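Peer 1: Okay, handing you the structure first.
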Amino acid sequence: MASALAAALAAGSSGMVVAAYGMMAAVQQSPSQRADIPPFYVMEVMRAAEEREQAGGDVLHLEVGQPSTGAPQGVVEAAEAALRSGAALGYTSALGTPELRAAIAAHYADWYGLSLEPSQIAVTTGASASCVLAFLACFDVGDRVAVSSPGYPCYKNILASFGIEVVDIPVDASTRFQLTPELLDACQPLAGVVVASPSNPTGTMLEPAMLASLSEWCSAHGVRLISDEIYHGITYGKTAPTAAAHSADAIVMNSFSKYFSMTGWRLGWLLVPDELHGAVERLAQNLYISAPTLSQVAGVAAFDCHEELAENVRRYARNREILLERLPAAGIDDVAPADGAFYIWGRVDHLDDSQTLSAQWLDELGIAVTGGIDFDPDRGGRYMRFSFAGATDEMVEATRRLEQWATGR
């Protein structure tokens, strides 16, 4: 394009110069290749559900991967007090306030029996920023990083946008929809592995022995383990283990969004190995400056709200039982073990493609659910993700409508 402009200038043709500049402008205005990543399709479902509601239709929300409850009362009161105090609420350290980092360290002592220093913790602008910081700090362009399918799509999309090669490993019920050392052996060389336990969309957890095996495999092969533990605290009959108990080299991601019911407060954290501390801090300074200050101040109070938060988890457990008991009546009986989080991953291809069903159920039944292609582009058309984060009466009504639909086909 530059040569076209040079030729036009040499020829002295103003028309050619204008045309050449126009061609350059068109190229410069195009999106970068890094932006050529798939959309997050669940957002499309949410938008369609919102349009239906705005038009006066009813919607039962089983698509949204967030709590239907607000922040716990103690957090709200702490935020109100901070606002009324007249405090400036300016920028904080890029890695977070000392008070919040200390509270997170105490949380690991209380829940996991781990002794952490606040300096090991980086407060982030939600778990999404944790992904960005962790991936940039750990990996270079061209590095190969393993993720599972089905799995949270933003891991893949963020990695790909950074020029990192995504090694997408299909998993299924034979491994409880989780990665194993044997699967990783077949994909070497790797620079990193991303695991999630409990997982989105399947809800399956890594047992302590398997998490230890993965940690040992990564250490033995010089591979960075990144463990997404955002759904810790939302489990059913089991306790989720943390990778921090098995490896000092692992990066652990967590957030206030799910268990703490603070999605829109945009607050998360990383456990950062010593050798990456400076890199994460520099990246955070330049990319985000700091996490929202009001959220950080209020977030300290979240660790005193476990009684209220436990009631949320009890509601999720009730909702989970309703779906597990009643989805089979709608023909959906092949589901992943829902150990934690608030999702049921069910096979539906004997009914129809999941994207087709998602649109049909919203249009005909007023039920919003998420087709599986977000989480597994190759096999996701066979599966549907049902979120049970909402109200219990919505779960009852949704399964009633699905059963009626199935029996009336």
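Residues in the structure tokens are named by chain (A, B, ... in the order shown) and by number from 1 within that chain; ligands are numbered from 1 in the order shown.
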What's the 9 Å shell around Pro38 of chain A, counting only C-alpha atoms, without same-chain residues fewer than 3 positions away, as a PyMOL selection string?

Peer 2: chain A and resi 35+41+153+157+374

Peer 1: Give me the residues near segment 323-325 of chain A as a short mmCIF file (atom, residue, chain, number, x, y, z; two decimals) with N, CA and C atoms, in the first residue's frame, where near means some atom within 9 Å (using only C-alpha atoms) and where sequence neighbours in that chain fewer than 5 positions away do not count.

Peer 2:
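Generated output (selection-v2.cif):
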data_model
loop_
_atom_site.label_atom_id
_atom_site.label_comp_id
_atom_site.auth_asym_id
_atom_site.auth_seq_id
_atom_site.Cartn_x
_atom_site.Cartn_y
_atom_site.Cartn_z
N ARG A 318 -30.55 -26.98 46.21
CA ARG A 318 -31.95 -27.34 45.95
C ARG A 318 -32.25 -27.28 44.46
N ASP A 333 -31.16 -37.05 30.18
CA ASP A 333 -30.70 -37.86 31.31
C ASP A 333 -29.22 -38.20 31.25
N VAL A 335 -26.01 -36.53 31.73
CA VAL A 335 -25.45 -35.26 32.23
C VAL A 335 -24.12 -35.52 32.91
N ILE A 344 -25.63 -27.58 34.91
CA ILE A 344 -25.83 -28.94 34.43
C ILE A 344 -25.44 -28.97 32.96
N PHE A 386 -27.30 -25.78 31.40
CA PHE A 386 -28.39 -25.23 32.20
C PHE A 386 -27.79 -24.60 33.45
N PHE A 388 -28.32 -23.15 37.13
CA PHE A 388 -29.32 -23.16 38.21
C PHE A 388 -28.97 -22.14 39.29
N MET A 395 -36.65 -22.80 38.49
CA MET A 395 -36.20 -24.15 38.13
C MET A 395 -37.40 -25.10 38.03
N VAL A 396 -38.32 -24.99 38.98
CA VAL A 396 -39.51 -25.84 38.97
C VAL A 396 -40.34 -25.59 37.72
N THR A 399 -38.52 -26.75 34.36
CA THR A 399 -38.57 -28.19 34.12
C THR A 399 -39.99 -28.66 33.81
#

Peer 1: Pull the closest atom pair for each residue of segment 59-151 of chain A that gets at most 9 Å from segment 242-252 of chain A, along with the distance in Å to one decimal, counting only C-alpha atoms, ordering rows by chain and then ascending residue number, as JSON lines.

Peer 2:
{"residue": "A:Tyr112", "atom": "CA", "partner": "A:Thr242", "partner_atom": "CA", "distance": 7.6}
{"residue": "A:Gly113", "atom": "CA", "partner": "A:Ala245", "partner_atom": "CA", "distance": 8.8}
{"residue": "A:Leu114", "atom": "CA", "partner": "A:Ala245", "partner_atom": "CA", "distance": 7.1}
{"residue": "A:Ala134", "atom": "CA", "partner": "A:Ile251", "partner_atom": "CA", "distance": 7.4}

Peer 1: Taking into account only C-alpha atoms, which residue in the set A:Val123, A:Leu206, A:Leu159, A:Leu214 is nearest to Leu136 of chain A?

Peer 2: A:Leu159

Peer 1: Could you list, as a list in words, every residue within 6 Å of segment 144-149 of chain A, counting only C-alpha atoms and ignoring same-chain residues fewer than 5 positions away?

Peer 2: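 Contacts, in chain order: Glu165, Val166, Val167, Asp168, Ile169, Pro170, Val171, Leu190, Ala191, Gly192, Val193, Val194 and Asp376 of chain A.
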
Peer 1: Keeping only C-alpha atoms, write those residues as a PDB file, in the first residue's frame.

Peer 2:
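After the write, part.pdb holds the following:
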ATOM      1  CA  GLU A 165      -1.199 -21.458  20.394  1.00  0.00           C
ATOM      2  CA  VAL A 166      -4.230 -23.060  22.020  1.00  0.00           C
ATOM      3  CA  VAL A 167      -3.936 -26.830  22.381  1.00  0.00           C
ATOM      4  CA  ASP A 168      -7.581 -27.813  22.669  1.00  0.00           C
ATOM      5  CA  ILE A 169      -7.919 -31.239  24.289  1.00  0.00           C
ATOM      6  CA  PRO A 170     -11.314 -32.989  24.061  1.00  0.00           C
ATOM      7  CA  VAL A 171     -12.454 -34.476  27.370  1.00  0.00           C
ATOM      8  CA  LEU A 190       3.541 -27.451  26.240  1.00  0.00           C
ATOM      9  CA  ALA A 191       4.342 -24.199  27.996  1.00  0.00           C
ATOM     10  CA  GLY A 192       1.202 -24.145  30.111  1.00  0.00           C
ATOM     11  CA  VAL A 193      -1.970 -25.911  31.195  1.00  0.00           C
ATOM     12  CA  VAL A 194      -5.222 -24.250  32.282  1.00  0.00           C
ATOM     13  CA  ASP A 376     -16.886 -26.938  22.741  1.00  0.00           C
TER      14      ASP A 376
END
